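**Q** What follows is model-v5.pdb, PDB, C-alpha atoms and all ligand atoms.
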```
ATOM      1  CA  MET A  53      79.273  97.612  89.175
ATOM      2  CA  LYS A  54      79.835 101.160  90.375
ATOM      3  CA  LYS A  55      79.272 103.707  87.606
ATOM      4  CA  GLN A  56      82.044 105.453  85.664
ATOM      5  CA  GLY A  57      81.329 109.013  84.542
ATOM      6  CA  PRO A  58      82.695 112.142  82.882
ATOM      7  CA  ASP A  59      85.333 114.150  84.736
ATOM      8  CA  ASN A  60      83.517 117.191  86.122
ATOM      9  CA  ILE A  61      85.445 117.396  89.419
ATOM     10  CA  TYR A  62      86.782 120.931  88.835
ATOM     11  CA  VAL A  63      83.926 122.333  86.724
ATOM     12  CA  SER A  64      82.622 124.712  89.386
ATOM     13  CA  PRO A  65      84.781 127.041  91.487
ATOM     14  CA  HIS A  66      86.037 125.455  94.738
ATOM     15  CA  ASP A  67      86.312 127.766  97.793
ATOM     16  CA  LYS A  68      89.484 125.893  98.655
ATOM     17  CA  VAL A  69      91.180 123.497  96.230
ATOM     18  CA  ASN A  70      92.272 120.468  98.258
ATOM     19  CA  GLU A  71      95.356 118.405  97.472
ATOM     20  CA  PHE A  72      94.636 115.887  94.727
ATOM     21  CA  ALA A  73      93.886 112.374  96.046
ATOM     22  CA  PHE A  74      93.048 109.085  94.325
ATOM     23  CA  ASP A  75      89.746 108.784  96.167
ATOM     24  CA  GLU A  76      86.296 107.494  95.173
ATOM     25  CA  ALA A  77      85.408 110.717  93.290
ATOM     26  CA  VAL A  78      88.548 110.399  91.125
ATOM     27  CA  ALA A  79      88.185 106.631  90.625
ATOM     28  CA  ARG A  80      84.626 107.202  89.338
ATOM     29  CA  VAL A  81      85.833 109.483  86.506
ATOM     30  CA  PHE A  82      89.365 108.132  86.066
ATOM     31  CA  PRO A  83      89.272 106.744  82.490
ATOM     32  CA  ASP A  84      87.797 110.009  81.193
ATOM     33  CA  MET A  85      90.177 112.122  83.303
ATOM     34  CA  ILE A  86      93.398 110.422  82.227
ATOM     35  CA  ARG A  87      92.449 110.203  78.550
ATOM     36  CA  ARG A  88      91.646 113.942  78.420
ATOM     37  CA  SER A  89      94.613 115.024  80.583
ATOM     38  CA  VAL A  90      97.613 112.929  79.549
ATOM     39  CA  PRO A  91      98.743 113.405  75.951
ATOM     40  CA  GLY A  92      99.685 110.048  74.474
ATOM     41  CA  TYR A  93      98.018 107.913  77.160
ATOM     42  CA  THR A  94      95.835 106.084  74.612
ATOM     43  CA  THR A  95      98.935 105.326  72.508
ATOM     44  CA  ILE A  96     101.122 104.259  75.423
ATOM     45  CA  ILE A  97      98.688 101.650  76.798
ATOM     46  CA  PRO A  98      98.709  99.294  73.762
ATOM     47  CA  MET A  99     102.498  99.778  73.423
ATOM     48  CA  ILE A 100     102.889  98.509  76.999
ATOM     49  CA  GLY A 101     101.210  95.330  75.745
ATOM     50  CA  LEU A 102     103.634  95.120  72.850
ATOM     51  CA  ILE A 103     106.706  95.737  75.023
ATOM     52  CA  THR A 104     105.475  93.101  77.478
ATOM     53  CA  GLU A 105     105.066  90.612  74.643
ATOM     54  CA  GLN A 106     108.642  91.284  73.547
ATOM     55  CA  TYR A 107     110.404  91.127  76.937
ATOM     56  CA  ALA A 108     108.340  88.950  79.291
ATOM     57  CA  GLN A 109     110.209  85.758  80.138
ATOM     58  CA  GLU A 110     108.676  82.335  80.756
ATOM     59  CA  ASN A 111     107.660  81.609  84.358
ATOM     60  CA  SER A 112     108.618  85.041  85.678
ATOM     61  CA  TYR A 113     106.604  87.663  87.529
ATOM     62  CA  CYS A 114     105.447  90.916  85.916
ATOM     63  CA  TYR A 115     104.306  93.957  87.887
ATOM     64  CA  ASP A 116     102.052  96.911  87.171
ATOM     65  CA  LEU A 117     102.792  99.474  89.901
ATOM     66  CA  GLY A 118     100.092 102.098  90.484
ATOM     67  CA  CYS A 119      97.635 100.164  88.345
ATOM     68  CA  SER A 120      94.563 102.436  88.899
ATOM     69  CA  LEU A 121      91.691 100.767  87.009
ATOM     70  CA  GLY A 122      94.003  98.285  85.292
ATOM     71  CA  ALA A 123      94.416  99.699  81.776
ATOM     72  CA  SER A 124      98.123  98.829  81.662
ATOM     73  CA  THR A 125      97.519  95.627  83.663
ATOM     74  CA  LEU A 126      95.176  94.371  80.945
ATOM     75  CA  ALA A 127      97.555  95.441  78.166
ATOM     76  CA  MET A 128     100.346  93.523  79.908
ATOM     77  CA  ARG A 129      98.097  90.508  80.455
ATOM     78  CA  HIS A 130      97.267  90.349  76.750
ATOM     79  CA  GLY A 131     100.974  90.683  75.882
ATOM     80  CA  LEU A 132     101.892  87.730  78.083
ATOM     81  CA  LYS A 133     100.180  85.148  75.850
ATOM     82  CA  ASN A 134     101.104  81.684  77.107
ATOM     83  CA  LYS A 135     104.305  82.454  78.969
ATOM     84  CA  GLN A 136     103.123  81.024  82.323
ATOM     85  CA  CYS A 137     103.809  84.365  84.017
ATOM     86  CA  GLN A 138     102.259  85.741  87.186
ATOM     87  CA  LEU A 139     100.994  89.310  86.857
ATOM     88  CA  VAL A 140     100.796  91.441  90.004
ATOM     89  CA  ALA A 141      98.954  94.782  89.921
ATOM     90  CA  VAL A 142      99.373  97.132  92.873
ATOM     91  CA  ASP A 143      97.686 100.341  93.973
ATOM     92  CA  ASN A 144      97.224 101.922  97.394
ATOM     93  CA  SER A 145      93.803 103.399  96.560
ATOM     94  CA  PRO A 146      91.027 100.981  97.622
ATOM     95  CA  SER A 147      88.556 102.811  95.317
ATOM     96  CA  MET A 148      90.818 102.271  92.321
ATOM     97  CA  LEU A 149      91.517  98.661  93.168
ATOM     98  CA  GLU A 150      87.854  97.738  93.647
ATOM     99  CA  ARG A 151      87.055  99.000  90.147
ATOM    100  CA  CYS A 152      90.220  97.425  88.736
ATOM    101  CA  ASN A 153      89.098  94.061  90.095
ATOM    102  CA  HIS A 154      85.830  94.417  88.188
ATOM    103  CA  TYR A 155      87.626  95.070  84.872
ATOM    104  CA  ILE A 156      90.006  92.147  85.408
ATOM    105  CA  GLU A 157      87.025  89.869  86.055
ATOM    106  CA  LEU A 158      85.319  91.020  82.852
ATOM    107  CA  ASP A 159      88.435  90.158  80.844
ATOM    108  CA  ASN A 160      88.581  86.581  79.572
ATOM    109  CA  ASP A 161      92.384  86.129  79.370
ATOM    110  CA  THR A 162      93.696  83.264  81.498
ATOM    111  CA  THR A 163      96.992  84.668  82.855
ATOM    112  CA  PRO A 164      96.488  84.950  86.627
ATOM    113  CA  VAL A 165      96.386  88.483  88.001
ATOM    114  CA  THR A 166      96.947  89.204  91.693
ATOM    115  CA  LEU A 167      95.660  92.571  92.889
ATOM    116  CA  LEU A 168      97.374  94.076  95.905
ATOM    117  CA  CYS A 169      96.172  97.086  97.853
ATOM    118  CA  ALA A 170      99.575  98.249  99.054
ATOM    119  CA  ASP A 171     102.115 101.020  98.935
ATOM    120  CA  ILE A 172     104.543 100.178  96.128
ATOM    121  CA  ARG A 173     107.415 101.337  98.366
ATOM    122  CA  ASP A 174     106.739  98.413 100.721
ATOM    123  CA  LEU A 175     106.712  95.585  98.157
ATOM    124  CA  GLU A 176     109.004  92.583  98.271
ATOM    125  CA  PHE A 177     109.502  91.805  94.584
ATOM    126  CA  LYS A 178     109.782  88.293  93.162
ATOM    127  CA  PRO A 179     112.138  87.653  90.197
ATOM    128  CA  CYS A 180     110.437  89.574  87.398
ATOM    129  CA  SER A 181     110.918  90.337  83.708
ATOM    130  CA  VAL A 182     108.612  93.328  83.015
ATOM    131  CA  VAL A 183     107.735  96.092  85.480
ATOM    132  CA  THR A 184     105.465  98.999  84.544
ATOM    133  CA  LEU A 185     105.342 102.369  86.295
ATOM    134  CA  ASN A 186     102.865 104.144  84.030
ATOM    135  CA  PHE A 187     102.595 107.685  85.461
ATOM    136  CA  THR A 188     103.069 106.509  89.058
ATOM    137  CA  LEU A 189     106.656 107.348  90.109
ATOM    138  CA  GLN A 190     105.833 111.063  89.789
ATOM    139  CA  PHE A 191     103.467 110.740  92.772
ATOM    140  CA  LEU A 192     106.136 109.388  95.150
ATOM    141  CA  PRO A 193     108.092 111.847  97.288
ATOM    142  CA  PRO A 194     111.300 112.559  95.286
ATOM    143  CA  GLU A 195     113.494 111.142  98.066
ATOM    144  CA  ASP A 196     111.756 107.740  97.768
ATOM    145  CA  ARG A 197     112.152 107.296  94.012
ATOM    146  CA  SER A 198     115.714 105.908  93.848
ATOM    147  CA  ASN A 199     115.025 103.328  96.522
ATOM    148  CA  LEU A 200     112.031 101.916  94.615
ATOM    149  CA  LEU A 201     113.966 101.831  91.316
ATOM    150  CA  ASP A 202     116.809 100.113  93.101
ATOM    151  CA  LYS A 203     114.475  97.371  94.387
ATOM    152  CA  ILE A 204     112.991  96.928  90.893
ATOM    153  CA  GLN A 205     116.424  96.760  89.282
ATOM    154  CA  GLN A 206     117.535  94.113  91.759
ATOM    155  CA  ALA A 207     114.393  92.016  91.243
ATOM    156  CA  LEU A 208     114.531  92.083  87.434
ATOM    157  CA  VAL A 209     116.060  89.047  85.772
ATOM    158  CA  PRO A 210     118.810  89.667  83.165
ATOM    159  CA  GLY A 211     117.144  90.973  79.998
ATOM    160  CA  GLY A 212     114.201  92.270  82.036
ATOM    161  CA  VAL A 213     112.788  95.770  81.489
ATOM    162  CA  LEU A 214     111.168  98.641  83.327
ATOM    163  CA  ILE A 215     108.617 100.758  81.452
ATOM    164  CA  LEU A 216     108.590 104.209  83.050
ATOM    165  CA  SER A 217     106.076 106.829  81.878
ATOM    166  CA  GLU A 218     106.125 110.274  83.459
ATOM    167  CA  LYS A 219     105.192 113.920  83.126
ATOM    168  CA  ILE A 220     108.498 115.778  82.884
ATOM    169  CA  CYS A 221     109.855 119.285  83.405
ATOM    170  CA  PHE A 222     112.596 121.034  81.441
ATOM    171  CA  ASP A 223     115.697 122.930  82.585
ATOM    172  CA  ASP A 224     115.328 125.247  79.597
ATOM    173  CA  GLU A 225     112.675 127.874  80.433
ATOM    174  CA  THR A 226     111.559 128.342  76.819
ATOM    175  CA  GLU A 227     111.084 124.604  76.294
ATOM    176  CA  GLN A 228     109.209 124.401  79.615
ATOM    177  CA  SER A 229     106.813 127.192  78.704
ATOM    178  CA  HIS A 230     106.204 126.027  75.104
ATOM    179  CA  LEU A 231     105.472 122.406  76.025
ATOM    180  CA  GLU A 232     103.424 123.351  79.093
ATOM    181  CA  GLU A 233     101.346 125.648  76.886
ATOM    182  CA  LEU A 234     100.768 122.833  74.371
ATOM    183  CA  HIS A 235      99.654 120.563  77.230
ATOM    184  CA  TRP A 236      97.216 123.289  78.322
ATOM    185  CA  LEU A 237      95.885 123.473  74.736
ATOM    186  CA  PHE A 238      95.530 119.671  74.675
ATOM    187  CA  LYS A 239      93.295 119.878  77.740
ATOM    188  CA  LYS A 240      91.277 122.759  76.295
ATOM    189  CA  ALA A 241      90.839 120.786  73.049
ATOM    190  CA  ASN A 242      89.494 117.921  75.177
ATOM    191  CA  GLY A 243      86.766 120.115  76.633
ATOM    192  CA  TYR A 244      88.274 121.334  79.919
ATOM    193  CA  SER A 245      87.673 125.012  80.771
ATOM    194  CA  ASP A 246      90.440 127.362  81.957
ATOM    195  CA  LEU A 247      88.931 127.107  85.469
ATOM    196  CA  GLU A 248      89.089 123.303  85.432
ATOM    197  CA  VAL A 249      92.685 123.272  84.194
ATOM    198  CA  SER A 250      93.770 125.845  86.720
ATOM    199  CA  GLN A 251      92.023 124.245  89.749
ATOM    200  CA  LYS A 252      93.440 120.810  88.826
ATOM    201  CA  ARG A 253      96.887 122.347  88.515
ATOM    202  CA  THR A 254      96.565 123.820  92.034
ATOM    203  CA  ALA A 255      95.383 120.448  93.392
ATOM    204  CA  LEU A 256      98.403 118.668  91.873
ATOM    205  CA  GLU A 257     101.026 121.281  92.757
ATOM    206  CA  GLN A 258     102.370 119.553  95.892
ATOM    207  CA  VAL A 259     101.408 116.006  94.840
ATOM    208  CA  LEU A 260     102.831 115.492  91.341
ATOM    209  CA  LEU A 261     106.467 116.589  91.313
ATOM    210  CA  PRO A 262     107.996 116.017  87.868
ATOM    211  CA  ASP A 263     111.677 115.377  87.151
ATOM    212  CA  SER A 264     113.512 116.267  83.945
ATOM    213  CA  LEU A 265     114.321 113.610  81.342
ATOM    214  CA  GLU A 266     118.012 113.962  82.252
ATOM    215  CA  ALA A 267     117.231 113.399  85.950
ATOM    216  CA  HIS A 268     115.270 110.233  85.093
ATOM    217  CA  LYS A 269     118.026 108.865  82.878
ATOM    218  CA  GLN A 270     120.668 109.703  85.465
ATOM    219  CA  ARG A 271     118.707 108.011  88.265
ATOM    220  CA  LEU A 272     118.078 104.892  86.188
ATOM    221  CA  MET A 273     121.764 104.624  85.294
ATOM    222  CA  SER A 274     122.901 105.165  88.880
ATOM    223  CA  THR A 275     120.434 102.504  90.037
ATOM    224  CA  GLY A 276     122.191  99.998  87.794
ATOM    225  CA  PHE A 277     120.025  99.844  84.665
ATOM    226  CA  SER A 278     122.374  99.247  81.759
ATOM    227  CA  THR A 279     120.555 101.087  78.958
ATOM    228  CA  THR A 280     117.628 103.505  78.822
ATOM    229  CA  HIS A 281     115.714 104.540  75.698
ATOM    230  CA  LEU A 282     113.140 107.254  75.292
ATOM    231  CA  TRP A 283     110.540 105.422  73.198
ATOM    232  CA  TYR A 284     107.699 107.978  73.395
ATOM    233  CA  GLN A 285     107.216 111.697  73.914
ATOM    234  CA  CYS A 286     104.213 113.954  73.470
ATOM    235  CA  PHE A 287     104.784 117.492  74.780
ATOM    236  CA  ASN A 288     105.825 117.170  78.454
ATOM    237  CA  PHE A 289     104.880 113.488  78.774
ATOM    238  CA  ILE A 290     107.322 110.684  78.082
ATOM    239  CA  SER A 291     107.822 106.971  78.339
ATOM    240  CA  LEU A 292     111.174 105.257  78.829
ATOM    241  CA  ILE A 293     112.271 101.657  78.628
ATOM    242  CA  ALA A 294     115.159 100.709  80.913
ATOM    243  CA  PHE A 295     117.043  97.414  80.560
ATOM    244  CA  LYS A 296     118.689  95.197  83.134
ATOM    245  CA  SER A 297     121.660  93.463  81.498
TER     246      SER A 297
HETATM  247  C1  LIG B   1      97.309 103.465  84.109
HETATM  248  N1  LIG B   1      99.125 103.186  85.709
HETATM  249  O1  LIG B   1      96.112 103.661  83.864
HETATM  250  N2  LIG B   1     101.641 103.012  96.151
HETATM  251  C2  LIG B   1     100.708 102.443  95.343
HETATM  252  N3  LIG B   1     100.001 103.146  94.425
HETATM  253  C3  LIG B   1     100.235 104.467  94.342
HETATM  254  C4  LIG B   1     101.170 105.123  95.154
HETATM  255  C5  LIG B   1     101.889 104.338  96.086
HETATM  256  N4  LIG B   1     102.812 104.883  96.906
HETATM  257  N5  LIG B   1     101.172 106.444  94.853
HETATM  258  C6  LIG B   1     100.256 106.614  93.870
HETATM  259  N6  LIG B   1      99.694 105.420  93.566
HETATM  260  C7  LIG B   1      97.786 103.733  85.517
HETATM  261  C8  LIG B   1      97.700 105.192  85.856
HETATM  262  S1  LIG B   1      97.712 106.974  87.991
HETATM  263  C9  LIG B   1      98.429 108.272  87.120
HETATM  264  C10 LIG B   1      98.381 105.553  87.137
HETATM  265  C11 LIG B   1      97.622 109.542  87.055
HETATM  266  C12 LIG B   1      98.671 105.148  92.553
HETATM  267  C13 LIG B   1      97.442 106.040  92.643
HETATM  268  O2  LIG B   1      96.504 105.555  93.591
HETATM  269  C14 LIG B   1      96.926 106.005  91.212
HETATM  270  O3  LIG B   1      95.962 105.012  91.017
HETATM  271  C15 LIG B   1      98.189 105.714  90.376
HETATM  272  O4  LIG B   1      99.237 105.430  91.289
HETATM  273  C16 LIG B   1      98.637 106.863  89.475
HETATM  274  O5  LIG B   1      98.139 103.077  83.271
HETATM  275  O6  LIG B   1      96.534 109.649  87.632
HETATM  276  O7  LIG B   1      98.174 110.529  86.401
END
```
Show me the file's structure as structure tokens.

**A**
Amino acid sequence: MKKQGPDNIYVSPHDKVNEFAFDEAVARVFPDMIRRSVPGYTTIIPMIGLITEQYAQENSYCYDLGCSLGASTLAMRHGLKNKQCQLVAVDNSPSMLERCNHYIELDNDTTPVTLLCADIRDLEFKPCSVVTLNFTLQFLPPEDRSNLLDKIQQALVPGGVLILSEKICFDDETEQSHLEELHWLFKKANGYSDLEVSQKRTALEQVLLPDSLEAHKQRLMSTGFSTTHLWYQCFNFISLIAFKS
């Protein structure tokens, strides 16, 4: 097994900060990076298991889109119990998927998991009951987001759900600056220096483009989801559940 390690990618000054990419260097430190960078991540993962347990339907497909190392895939798998579902986990980073495969193999649950190295925009979905986009939609170009949600909405069976977790922005400047500052403090409290936070921010600037909560809700409604609930928020990070009626 390839080693996992602490996230020290931005510890020293970079002459030029390159655009953030989900490459081998990031895959190697990913669990540490996401836990220390995304407020609420360690709460959201087990809740994805719980939501899957509640809404997965017998003999349907379930998808984890942008699965990285498979944290939400495994939570979903454990939530599926004996529902005879097929779980499909997709990521377009070969480095992520290789490590994900290792974690799936270590897990002793029996629900079959298919790993696909593919762009989630190109998927042909089978009839599904639970789809997870845990901090993935934010990395798609904004103009591609509706189309993907539309395909998911059409593939979901009645009563099926989409779990959508995202970093968000705020129309209100004061709210934006307060919650951004608290996110900064969260990272500092988790041991990142000002230099690390600022270089990572530069790397993500053109790659992670957040929408507001209102924009997400609006897009989900116009894609045909019948109801959307905000079930989690910590600072500028949220998770939504959207229902197909
Ligand atoms: C978790 N869900 O641990 N097609 C496929 N994969 C993609 C695409 C795309 N177009 N764009 C980005 N990705 C995970 C965490 S991380 C979130 C998800 C983060 C993949 C990308 O390779 C990466 O693995 C993942 O989406 C986003 O619950 O790093 O903040």

**Q** Considering all atoms listed in the file, tabulate each residue of chain A that lies at most 7 Å from ligand LIG 1 (chain B) along with its nearest interatomic pair and the corresponding distance in Å to one decimal; arrange the rows by chain and ascending residue number and present them as a Markdown table.

**A**
```
| residue | atom | partner | partner_atom | distance |
| --- | --- | --- | --- | --- |
| A:Phe74 | CA | B:LIG1 | O2 | 5.0 |
| A:Ile86 | CA | B:LIG1 | O6 | 6.3 |
| A:Ile97 | CA | B:LIG1 | O5 | 6.7 |
| A:Leu117 | CA | B:LIG1 | N3 | 6.5 |
| A:Gly118 | CA | B:LIG1 | O4 | 3.5 |
| A:Cys119 | CA | B:LIG1 | N1 | 4.3 |
| A:Ser120 | CA | B:LIG1 | O3 | 3.6 |
| A:Leu121 | CA | B:LIG1 | O1 | 6.1 |
| A:Gly122 | CA | B:LIG1 | O1 | 5.9 |
| A:Ala123 | CA | B:LIG1 | O1 | 4.8 |
| A:Ser124 | CA | B:LIG1 | O5 | 4.5 |
| A:Val142 | CA | B:LIG1 | C2 | 6.0 |
| A:Asp143 | CA | B:LIG1 | N3 | 3.7 |
| A:Asn144 | CA | B:LIG1 | C2 | 4.1 |
| A:Ser145 | CA | B:LIG1 | O2 | 4.6 |
| A:Met148 | CA | B:LIG1 | O3 | 6.0 |
| A:Ala170 | CA | B:LIG1 | C2 | 5.7 |
| A:Asp171 | CA | B:LIG1 | N2 | 3.5 |
| A:Ile172 | CA | B:LIG1 | N2 | 4.1 |
| A:Arg173 | CA | B:LIG1 | N4 | 6.0 |
| A:Leu185 | CA | B:LIG1 | N1 | 6.3 |
| A:Asn186 | CA | B:LIG1 | N1 | 4.2 |
| A:Phe187 | CA | B:LIG1 | C9 | 4.5 |
| A:Thr188 | CA | B:LIG1 | C16 | 4.5 |
| A:Phe191 | CA | B:LIG1 | N5 | 5.3 |
| A:Leu192 | CA | B:LIG1 | N5 | 5.8 |
```

**Q** Name the residues, using the chain letters and numbers of the file, that sit within 10 Å of (122.8, 102.4, 91.9) when counting only C-alpha atoms, and give them as a PyMOL selection string.

**A** chain A and resi 198-199+201-202+205-206+270-277

**Q** Please, what distance in Å, to one decimal, runs between CA of Asp223 (chain A) and CA of Asn70 (chain A)?

**A**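 That distance, rounded to one decimal, is 28.3 Å.
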
**Q** Can you tell me which residues surround region 234-250 of chain A at a distance of at most 6 Å, considering all atoms listed in the file, apart from same-chain residues fewer than 2 positions away, and format the answer as a list in words?

**A**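 Everything that qualifies: Tyr62, Val63, Arg88, Ser89, Leu231, Glu232, Lys252 and Arg253 of chain A.
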
**Q** For a quick check of understanding, using only C-alpha atoms, which of A:Thr254, A:Cys169, A:Val213, A:Asp224 has the smallest distance to Val69 (chain A)?

**A**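 So, comparing all the options, the nearest one is A:Thr254.
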
**Q** Give as a ChimeraX atom specification the residues that the PyMOL selection byres (((chain A and resi 81) around 12) and not hetatm) matches when applied to the coordinates above.

**A** /A:54-62,74-80,82-89,120-121,147-148,151

**Q** Would you mind reading off the distance between CA of Pro194 (chain A) and CA of Pro98 (chain A), one decimal, in Å?

**A**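 We find that CA of Pro194 (chain A) and CA of Pro98 (chain A) lie 28.2 Å from each other.
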
**Q** At a cut-off of 9 Å around the point (106.8, 117.2, 90.3) (file coordinates), what residues fall inside when counting only C-alpha atoms? I'd like the answer as a list in words.

**A**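 So the residues meeting the distance criterion are Gln190, Phe191, Pro193, Pro194, Lys219, Ile220, Cys221, Leu256, Glu257, Gln258, Val259, Leu260, Leu261, Pro262 and Asp263 of chain A.
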
**Q** Which residues fall under the PyMOL selection byres (((chain A and resi 99) around 12) and not hetatm) in this file, as a PyMOL selection string?

**A** chain A and resi 92-98+100-106+123-124+126-128+130-131+184+186+215+217+283-284+291-293

**Q** Box in all listed atoms of region 98-102 of chain A, axis-aligned, with 8 Å more on each side; write out centre and edge lengths in Å to one decimal as JSON.

**A**
```
{"center_x": 101.2, "center_y": 97.4, "center_z": 74.9, "size_x": 20.9, "size_y": 20.7, "size_z": 20.1}
```

**Q** May I ask which of the residues A:Ser181, A:Ser229, A:Thr280, A:Thr163 is the closest one to Leu216 (chain A), counting all atoms listed in the file?

**A**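 Ranking A:Ser181, A:Ser229, A:Thr280, A:Thr163 by distance to Leu216 (chain A), first place goes to A:Thr280.
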
**Q** Please report the interatomic distance between CA of Ala108 (chain A) and CA of Leu200 (chain A) in Å with one decimal.

**A**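 Computing it gives 20.4 Å between the two atoms.
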
**Q** Check the smallest atom-to-atom distance from each of A:Leu189, A:Leu139, A:Leu168, A:Val183 to Asn153 (chain A) using all atoms listed in the file, then report the winner.

**A**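 Among the listed residues, the smallest separation from Asn153 (chain A) belongs to A:Leu168.
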
**Q** Report as a CSV table (one decimal) with C-alpha atoms, in the coordinates of the input the residues that result from applying the PyMOL selection byres (((chain A and resi 138) around 7) and not hetatm) to the structure here.

**A**
```csv
chain,number,residue,atom,x,y,z
A,112,SER,CA,108.6,85.0,85.7
A,113,TYR,CA,106.6,87.7,87.5
A,114,CYS,CA,105.4,90.9,85.9
A,136,GLN,CA,103.1,81.0,82.3
A,137,CYS,CA,103.8,84.4,84.0
A,139,LEU,CA,101.0,89.3,86.9
A,140,VAL,CA,100.8,91.4,90.0
A,163,THR,CA,97.0,84.7,82.9
A,164,PRO,CA,96.5,85.0,86.6
A,165,VAL,CA,96.4,88.5,88.0
```

**Q** Between A:Pro91, A:Ala255, A:Glu176, A:Lys269, which has the minimum distance to Phe287 (chain A) (counting only C-alpha atoms)?

**A** A:Pro91
